[in-house]
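Okay, model_28.txt now, which holds compact mmCIF, C-alpha atoms:
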# COMPACT_ATOMS: atom_id res chain seq x y z
CA MET L 271 5.93 -20.10 3.98
CA SER L 272 9.35 -21.63 3.37
CA LYS L 273 11.90 -22.05 6.15
CA LYS L 274 14.38 -19.94 4.20
CA PHE L 275 11.92 -17.05 3.94
CA LYS L 276 10.94 -17.44 7.59
CA ASN L 277 14.60 -17.01 8.55
CA SER L 278 15.21 -14.05 6.24
CA LYS L 279 15.78 -10.51 7.52
CA ILE L 280 13.29 -7.97 6.18
CA VAL L 281 13.24 -4.18 6.25
CA VAL L 282 9.94 -2.37 5.71
CA LEU L 283 10.39 1.22 4.52
CA GLY L 284 7.40 3.47 5.11
CA ALA L 285 6.61 1.42 8.20
CA THR L 286 4.66 4.18 9.94
CA GLY L 287 2.17 4.51 7.08
CA PHE L 288 -1.10 2.70 6.46
CA VAL L 289 0.29 -0.30 4.56
CA GLY L 290 3.59 -0.42 6.42
CA SER L 291 1.83 -0.63 9.78
CA TRP L 292 -0.10 -3.72 8.67
CA ILE L 293 3.01 -5.38 7.23
CA CYS L 294 5.04 -4.83 10.42
CA LEU L 295 2.19 -6.13 12.54
CA TYR L 296 1.99 -9.24 10.35
CA PHE L 297 5.72 -9.93 10.72
CA SER L 298 5.45 -9.44 14.47
CA GLN L 299 2.83 -12.20 14.56
CA THR L 300 4.93 -14.60 12.48
CA ASN L 301 8.08 -13.96 14.55
CA HIS L 302 9.97 -12.75 11.50
CA LYS L 303 13.29 -10.97 11.78
CA TYR L 304 12.18 -7.58 10.58
CA LEU L 305 12.70 -3.87 11.10
CA GLY L 306 10.29 -1.10 10.20
CA ILE L 307 11.65 2.29 9.16
CA GLY L 308 9.50 5.39 8.77
CA LEU L 309 8.91 9.03 9.54
CA ASN L 310 7.73 10.10 12.97
CA GLU L 311 4.30 11.34 11.90
CA LYS L 312 1.83 11.60 14.76
CA LYS L 313 -1.09 11.79 12.33
CA ASN L 314 -0.94 8.04 11.74
CA LYS L 315 -3.31 6.91 14.45
CA PHE L 316 -2.99 3.24 13.55
CA HIS L 317 0.79 3.27 13.98
CA ASN L 318 0.39 5.10 17.28
CA LYS L 319 -1.89 2.32 18.56
CA ILE L 320 0.48 -0.54 17.72
CA LYS L 321 3.96 1.01 17.91
CA ASN L 322 4.71 -0.64 21.25
CA LYS L 323 4.05 -4.03 19.63
CA ILE L 324 6.31 -3.74 16.58
CA LYS L 325 10.01 -3.16 15.84
CA PHE L 326 10.78 0.12 14.10
CA LYS L 327 12.99 3.18 13.91
CA TYR L 328 12.09 6.74 12.98
CA ILE L 329 14.35 7.74 10.09
CA ASP L 330 14.02 10.05 7.10
CA ILE L 331 15.35 7.84 4.31
CA THR L 332 16.06 10.81 2.04
CA ASN L 333 19.12 11.14 4.28
CA ARG L 334 21.36 8.56 2.61
CA LYS L 335 23.98 8.41 5.36
CA ASN L 336 21.43 7.67 8.08
CA LEU L 337 19.65 5.09 5.94
CA PHE L 338 22.86 3.26 5.06
CA THR L 339 23.95 3.20 8.71
CA VAL L 340 20.74 1.51 9.85
CA LEU L 341 20.69 -0.94 6.94
CA ASN L 342 24.32 -1.87 7.49
CA ASP L 343 23.58 -2.61 11.15
CA PHE L 344 20.52 -4.74 10.37
CA LYS L 345 21.87 -6.47 7.21
CA PRO L 346 18.58 -7.18 5.41
CA ASP L 347 17.96 -9.91 2.84
CA ILE L 348 14.75 -8.26 1.63
CA ILE L 349 13.61 -4.63 1.48
CA ILE L 350 9.96 -3.73 1.00
CA ASN L 351 9.73 -0.10 -0.04
CA LEU L 352 6.47 1.78 0.64
CA ALA L 353 8.03 5.13 1.54
CA ALA L 354 6.40 8.03 -0.31
CA HIS L 355 4.04 10.96 -0.02
CA SER L 356 1.05 9.07 -1.37
CA LEU L 357 -1.87 11.51 -1.37
CA VAL L 358 -2.73 13.00 -4.77
CA HIS L 359 -3.98 16.30 -3.35
CA PHE L 360 -0.93 16.76 -1.09
CA CYS L 361 1.49 16.07 -3.96
CA ASN L 362 -0.32 18.49 -6.27
CA THR L 363 -0.28 21.16 -3.55
CA PHE L 364 3.35 20.64 -2.52
CA PRO L 365 5.12 19.35 -5.64
CA ASP L 366 8.61 20.41 -4.56
CA VAL L 367 8.38 18.45 -1.29
CA SER L 368 6.72 15.45 -2.92
CA VAL L 369 9.05 15.12 -5.90
CA LYS L 370 12.12 15.45 -3.69
CA ASN L 371 10.87 12.97 -1.11
CA ASN L 372 9.48 10.35 -3.48
CA THR L 373 12.50 10.44 -5.79
CA LEU L 374 15.35 10.67 -3.28
CA SER L 375 13.91 7.90 -1.12
CA ILE L 376 13.88 5.29 -3.89
CA LEU L 377 17.20 6.55 -5.29
CA ASN L 378 18.89 6.00 -1.92
CA VAL L 379 17.42 2.51 -1.62
CA LEU L 380 18.63 1.63 -5.12
CA GLU L 381 22.11 2.91 -4.37
CA TYR L 382 22.22 0.72 -1.28
CA ILE L 383 21.24 -2.49 -3.04
CA LYS L 384 23.67 -1.65 -5.87
CA LYS L 385 26.35 -2.09 -3.20
CA ASN L 386 24.59 -5.13 -1.70
CA LYS L 387 23.38 -7.12 -4.69
CA HIS L 388 22.14 -10.10 -2.70
CA ILE L 389 19.18 -8.02 -1.43
CA ASN L 390 15.74 -8.49 -2.98
CA LEU L 391 13.80 -5.23 -3.38
CA ILE L 392 10.00 -5.12 -3.55
CA ASN L 393 9.20 -1.57 -4.64
CA PHE L 394 5.61 -0.33 -4.46
CA THR L 395 4.60 2.15 -7.13
CA SER L 396 0.96 2.64 -8.16
CA ASP L 397 -1.80 2.02 -10.70
CA LYS L 398 -1.56 5.78 -11.31
CA VAL L 399 1.60 5.32 -13.41
CA TYR L 400 -0.60 4.45 -16.39
CA GLU L 401 -1.88 6.83 -19.03
CA ASN L 402 -5.60 6.96 -18.29
CA LYS L 403 -7.75 6.18 -21.30
CA ASN L 404 -10.65 4.64 -19.40
CA LYS L 405 -9.43 1.10 -19.96
CA SER L 406 -8.07 -1.72 -17.86
CA HIS L 407 -4.28 -1.46 -17.89
CA ASN L 408 -1.94 -4.43 -18.02
CA GLU L 409 1.80 -4.41 -17.41
CA LYS L 410 2.51 -3.35 -21.01
CA SER L 411 0.27 -0.28 -20.94
CA ASN L 412 1.82 3.13 -21.54
CA PHE L 413 3.04 5.33 -18.72
CA GLY L 414 1.33 8.67 -18.28
CA SER L 415 0.03 10.89 -15.49
CA ASN L 416 -1.83 14.14 -14.90
CA THR L 417 -0.88 14.28 -11.20
CA ILE L 418 2.39 14.99 -9.39
CA TYR L 419 1.95 11.80 -7.37
CA GLY L 420 1.56 9.68 -10.50
CA THR L 421 4.60 11.31 -12.04
CA THR L 422 6.77 10.56 -8.99
CA LYS L 423 5.63 6.94 -9.12
CA ILE L 424 6.57 6.73 -12.81
CA MET L 425 10.01 8.02 -11.83
CA SER L 426 10.27 5.41 -9.07
CA ASP L 427 9.17 2.67 -11.46
CA LEU L 428 11.60 3.68 -14.19
CA LEU L 429 14.54 4.22 -11.84
CA SER L 430 14.03 0.75 -10.38
CA MET L 431 13.86 -0.86 -13.82
CA ASN L 432 16.96 1.06 -14.93
CA TYR L 433 18.97 -0.04 -11.90
CA LYS L 434 17.78 -3.62 -12.26
CA LYS L 435 19.04 -3.88 -15.83
CA LEU L 436 22.15 -1.71 -15.53
CA TYR L 437 23.49 -3.31 -12.36
CA ASN L 438 21.86 -6.77 -12.44
CA LEU L 439 19.80 -6.24 -9.29
CA LYS L 440 16.93 -8.23 -7.78
CA ILE L 441 13.98 -5.84 -8.05
CA LEU L 442 10.24 -6.20 -8.58
CA ASN L 443 7.84 -3.24 -8.80
CA ILE L 444 4.27 -3.75 -7.63
CA ARG L 445 1.62 -1.45 -9.08
CA CYS L 446 -1.33 -1.62 -6.77
CA GLY L 447 -4.93 -0.41 -6.99
CA ASN L 448 -6.61 1.93 -4.50
CA LEU L 449 -6.21 0.48 -1.03
CA TYR L 450 -8.83 0.43 1.70
CA GLY L 451 -9.30 -1.20 5.07
CA GLY L 452 -8.96 -0.41 8.74
CA GLY L 453 -6.07 1.82 9.70
CA ASP L 454 -6.18 4.36 6.89
CA PHE L 455 -6.27 7.83 8.50
CA ASN L 456 -5.30 9.90 5.47
CA THR L 457 -7.59 12.83 4.69
CA ASN L 458 -9.28 13.04 1.29
CA ARG L 459 -9.52 9.25 1.29
CA PHE L 460 -13.06 7.95 1.01
CA PHE L 461 -13.14 5.34 3.78
CA PHE L 462 -11.41 7.49 6.39
CA ASP L 463 -13.56 10.52 5.56
CA LEU L 464 -16.64 8.32 5.81
CA PHE L 465 -15.89 6.94 9.27
CA GLU L 466 -14.58 10.24 10.59
CA SER L 467 -17.86 11.91 9.55
CA TYR L 468 -19.93 9.04 10.93
CA SER L 469 -18.17 9.07 14.31
CA ASN L 470 -18.68 12.84 14.64
CA ASN L 471 -22.32 12.79 13.49
CA LYS L 472 -21.52 14.90 10.44
CA LYS L 473 -22.50 14.54 6.82
CA LEU L 474 -19.93 12.89 4.60
CA LYS L 475 -18.74 15.27 1.88
CA ILE L 476 -18.30 13.50 -1.44
CA ARG L 477 -16.31 15.02 -4.30
CA SER L 478 -17.18 12.59 -7.08
CA ILE L 479 -20.04 10.14 -6.49
CA ASN L 480 -19.54 8.30 -9.80
CA SER L 481 -15.74 7.88 -9.75
CA THR L 482 -14.54 4.28 -9.85
CA ARG L 483 -11.33 2.67 -8.62
CA PRO L 484 -9.68 -0.79 -8.68
CA TRP L 485 -10.43 -1.20 -4.97
CA THR L 486 -7.89 -3.38 -3.19
CA TYR L 487 -8.43 -4.64 0.34
CA ILE L 488 -5.38 -4.15 2.55
CA LEU L 489 -5.34 -7.72 3.88
CA GLU L 490 -5.72 -9.14 0.37
CA LEU L 491 -2.65 -7.16 -0.62
CA LEU L 492 -0.83 -8.32 2.50
CA ASN L 493 -1.60 -11.97 1.76
CA PHE L 494 -0.47 -11.54 -1.85
CA LEU L 495 2.69 -9.70 -0.82
CA ILE L 496 3.82 -12.48 1.53
CA ILE L 497 3.28 -15.13 -1.15
CA VAL L 498 5.11 -13.17 -3.87
CA THR L 499 7.99 -12.16 -1.60
CA ASN L 500 8.45 -15.79 -0.59
CA ILE L 501 8.48 -16.86 -4.25
CA ILE L 502 11.00 -14.19 -5.20
CA TYR L 503 13.31 -14.91 -2.28
CA GLU L 504 13.25 -18.63 -3.07
CA ASN L 505 13.78 -17.79 -6.77
CA LYS L 506 11.03 -20.27 -7.61
CA ILE L 507 9.47 -18.42 -10.55
CA LYS L 508 10.84 -16.11 -13.22
CA PHE L 509 8.53 -13.21 -14.02
CA ASP L 510 8.14 -11.86 -17.54
CA HIS L 511 7.87 -8.26 -16.39
CA ASP L 512 9.89 -5.92 -14.18
CA ALA L 513 6.62 -4.75 -12.65
CA ILE L 514 3.35 -6.50 -11.85
CA ASN L 515 -0.17 -5.23 -11.28
CA PHE L 516 -2.26 -6.20 -8.30
CA SER L 517 -5.78 -5.46 -7.17
CA SER L 518 -8.45 -7.47 -5.39
CA LYS L 519 -9.99 -8.05 -8.86
CA PHE L 520 -13.35 -6.82 -7.69
CA LYS L 521 -15.55 -4.87 -10.02
CA SER L 522 -14.42 -1.23 -10.19
CA TYR L 523 -17.16 -0.01 -7.87
CA SER L 524 -18.23 3.62 -7.89
CA ILE L 525 -18.38 5.61 -4.66
CA LYS L 526 -22.17 5.47 -4.91
CA GLU L 527 -22.13 1.66 -5.10
CA ILE L 528 -19.78 1.39 -2.14
CA ILE L 529 -22.06 3.57 -0.04
CA GLU L 530 -24.91 1.17 -0.81
CA ARG L 531 -22.72 -1.75 0.32
CA ILE L 532 -21.88 -0.03 3.61
CA LYS L 533 -25.42 1.12 4.46
CA PRO L 534 -26.45 -2.23 6.02
CA HIS L 535 -23.65 -1.73 8.59
CA ILE L 536 -23.86 1.97 9.41
CA ASN L 537 -26.18 4.86 8.65
CA ILE L 538 -24.57 7.22 6.14
CA ASN L 539 -25.60 10.81 5.55
CA TRP L 540 -23.77 12.56 2.76
CA THR L 541 -23.68 15.68 0.65
CA PHE L 542 -21.83 16.86 -2.45
CA GLU L 543 -18.64 18.90 -2.15
CA LYS L 544 -16.94 20.76 -4.97
CA ASN L 545 -13.99 18.76 -6.22
CA TYR L 546 -10.73 20.70 -5.86
CA VAL L 547 -8.60 17.57 -6.28
CA SER L 548 -7.22 16.93 -9.76
CA GLU L 549 -7.68 13.22 -10.29
CA ASP L 550 -8.94 10.72 -12.86
CA LEU L 551 -12.61 9.80 -12.76
CA HIS L 552 -12.13 6.14 -13.64
CA LEU L 553 -9.17 3.85 -13.00
CA ARG L 554 -8.82 0.14 -13.70
CA ILE L 555 -5.87 -2.24 -13.70
CA ASN L 556 -5.62 -5.83 -14.87
CA SER L 557 -3.84 -8.25 -12.52
CA THR L 558 -4.52 -11.35 -14.64
CA TYR L 559 -0.84 -11.94 -15.38
CA ILE L 560 0.37 -12.46 -11.82
CA ARG L 561 -2.78 -14.29 -10.76
CA LYS L 562 -2.28 -16.89 -13.48
CA LYS L 563 1.47 -17.05 -12.95
CA ILE L 564 1.24 -17.96 -9.26
CA LYS L 565 -2.35 -19.31 -9.33
CA TYR L 566 -3.52 -16.66 -6.89
CA GLN L 567 -7.14 -16.64 -5.68
CA ASN L 568 -8.75 -14.04 -3.44
CA THR L 569 -8.97 -14.82 0.25
CA PHE L 570 -11.64 -12.16 0.88
CA SER L 571 -14.88 -11.39 -0.91
CA PHE L 572 -15.85 -7.74 -1.37
CA LYS L 573 -18.71 -8.25 1.08
CA GLN L 574 -16.37 -9.64 3.75
CA SER L 575 -13.76 -6.94 3.21
CA ILE L 576 -16.36 -4.19 3.66
CA LYS L 577 -17.66 -5.84 6.84
CA ASP L 578 -14.13 -6.20 8.25
CA THR L 579 -13.33 -2.58 7.42
CA VAL L 580 -16.47 -1.35 9.17
CA ASP L 581 -15.72 -3.56 12.19
CA TRP L 582 -12.18 -2.18 12.43
CA TYR L 583 -13.26 1.45 12.45
CA LYS L 584 -16.16 0.79 14.82
CA THR L 585 -13.67 -0.74 17.24
CA TYR L 586 -11.34 2.24 16.90
CA TYR L 587 -13.98 4.93 17.36
CA SER L 588 -15.53 3.12 20.34
CA ASN L 589 -12.09 3.06 22.04
CA GLY L 590 -11.87 -0.70 21.70
CA ASP L 591 -8.67 -2.74 21.61
CA ILE L 592 -7.45 -1.97 18.10
CA PHE L 593 -4.33 -4.10 18.46
CA LYS L 594 -6.45 -7.13 19.33
CA LYS L 595 -8.89 -6.39 16.49
CA SER L 596 -6.04 -6.01 13.97
CA VAL L 597 -4.32 -9.21 15.06
CA PHE L 598 -7.66 -11.05 14.77
CA GLN L 599 -8.09 -9.82 11.20
CA ILE L 600 -4.50 -10.79 10.33
CA SER L 601 -5.14 -14.28 11.71
CA LYS L 602 -7.37 -14.90 8.66
CA ILE L 603 -4.27 -15.03 6.44
CA LEU L 604 -1.74 -16.62 8.81

Is it possible to give me this structure as structure tokens?
Amino acid sequence: MSKKFKNSKIVVLGATGFVGSWICLYFSQTNHKYLGIGLNEKKNKFHNKIKNKIKFKYIDITNRKNLFTVLNDFKPDIIINLAAHSLVHFCNTFPDVSVKNNTLSILNVLEYIKKNKHINLINFTSDKVYENKNKSHNEKSNFGSNTIYGTTKIMSDLLSMNYKKLYNLKILNIRCGNLYGGGDFNTNRFFFDLFESYSNNKKLKIRSINSTRPWTYILELLNFLIIVTNIIYENKIKFDHDAINFSSKFKSYSIKEIIERIKPHININWTFEKNYVSEDLHLRINSTYIRKKIKYQNTFSFKQSIKDTVDWYKTYYSNGDIFKKSVFQISKIL
């Protein structure tokens, strides 16, 4: 980590969510000058456990005036944008809320950096921006979506690229595969549903046992994000794309295969549930470009990431010290 990056001021938008909580905790451990911004959502149990250890403010960033006031006070050099309604089922059920939130949030951020062009923006979109034809997508693959969530992420991706070119801004979109790891408490997400069922001695209900995803471990993403953000801020490498793909580059495991990997750690009882969620059966993304460009190698094996995820949730559900456990896991990439 360069001295310049270490001294930079970073804002994390969506700081009370799954990924944002981990990023803020990381910056707290590296003594970075950072500020987390997010909605006050009590459902995020991970954030609730660590909020006294991180720096953050509760703000709805669809309110442009409030967002600009906080950003003007903090004067960031880098903004990492994770703010969005990110659950496919929620977005399909409440499209008006989701489209408004996911579009206005990125639009307000873009308007701010248009006025403050020195700021570097890392904007997270999704692997779900790609037209699904059961193939591994690279950065040149066609956009397309059959979900409201995917459509809002396409809008975020396109808006960011438009602003970058029209106003000569410093923006990079990151399209990431399905994330997992300790701290995810979103319903209709496999790992949370699994551990919630296990802790309550209930059978896990599975919608699609054969669906596959480009599984991405949260701490692998965090390690990658820090490296890429450092590179961008130092202006060390020019990228050939306005957006880059990232996943842990594991095999696209099916739910059935993941269950087999977890069985040595906990006893899983499961049953089928009718699938009411409109989603693609198979998703794959290719992150070869960025891995070659920055010579990135995984820090975690799939076996280790599964073990760490199980350990995290076991600690949480046994009322252990989740802050201590999380800091210990972060120490593996410090």

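Comparing L:Thr373, L:Asn493, L:Asn314, L:Asn515 by their smallest distance to Ser396 in chain L, the closest is L:Asn515 (using only C-alpha atoms).
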
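Distance check against Glu530 in chain L using only C-alpha atoms: of L:Lys508, L:Arg334, L:Lys573, L:Lys565, the minimum falls on L:Lys573.
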
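Using all atoms listed in the file, the smallest distance between any of L:Ile532, L:Phe460, L:Ile501, L:Ile555 and Cys446 in chain L comes from L:Ile555.
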
Would you give me, as a Markdown table, each residue of range 338-433 of chain L having an atom within 6 Å of an atom of range 272-289 of chain L, along with its shortest atom pair and that distance in Å to one decimal, using only C-alpha atoms and sorting by chain and residue number?
| residue | atom | partner | partner_atom | distance |
| --- | --- | --- | --- | --- |
| L:Pro346 | CA | L:Lys279 | CA | 4.8 |
| L:Asp347 | CA | L:Lys279 | CA | 5.2 |
| L:Ile348 | CA | L:Ile280 | CA | 4.8 |
| L:Ile349 | CA | L:Val281 | CA | 4.8 |
| L:Ile350 | CA | L:Val282 | CA | 4.9 |
| L:Asn351 | CA | L:Leu283 | CA | 4.8 |
| L:Leu352 | CA | L:Gly284 | CA | 4.9 |
| L:Ala353 | CA | L:Gly284 | CA | 4.0 |

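Proximity of L:Tyr450, L:Leu442, L:Asp397, L:Leu391 to Trp292 in chain L, computed with only C-alpha atoms, is greatest for L:Tyr450.
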
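Take CA of Ser596 in chain L and CA of Ile392 in chain L: the distance between them is 23.8 Å.
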
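If you look at CA of Tyr523 in chain L and CA of Gly447 in chain L, they are 12.3 Å away from each other.
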
Under the rule that only C-alpha atoms are counted, which of L:Tyr382, L:Tyr559, L:Tyr419, L:Tyr583 is the nearest residue to Leu464 in chain L?
L:Tyr583

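Atom pair CA of Tyr468 in chain L / CA of Trp540 in chain L: separated by 9.7 Å.
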
Contact residues around Lys370 in chain L with all atoms listed in the file at 10 Å, ignoring same-chain residues under 5 positions, as a list in words
Thr332, Ala354, His355, Pro365, Ser375 and Thr422 of chain L
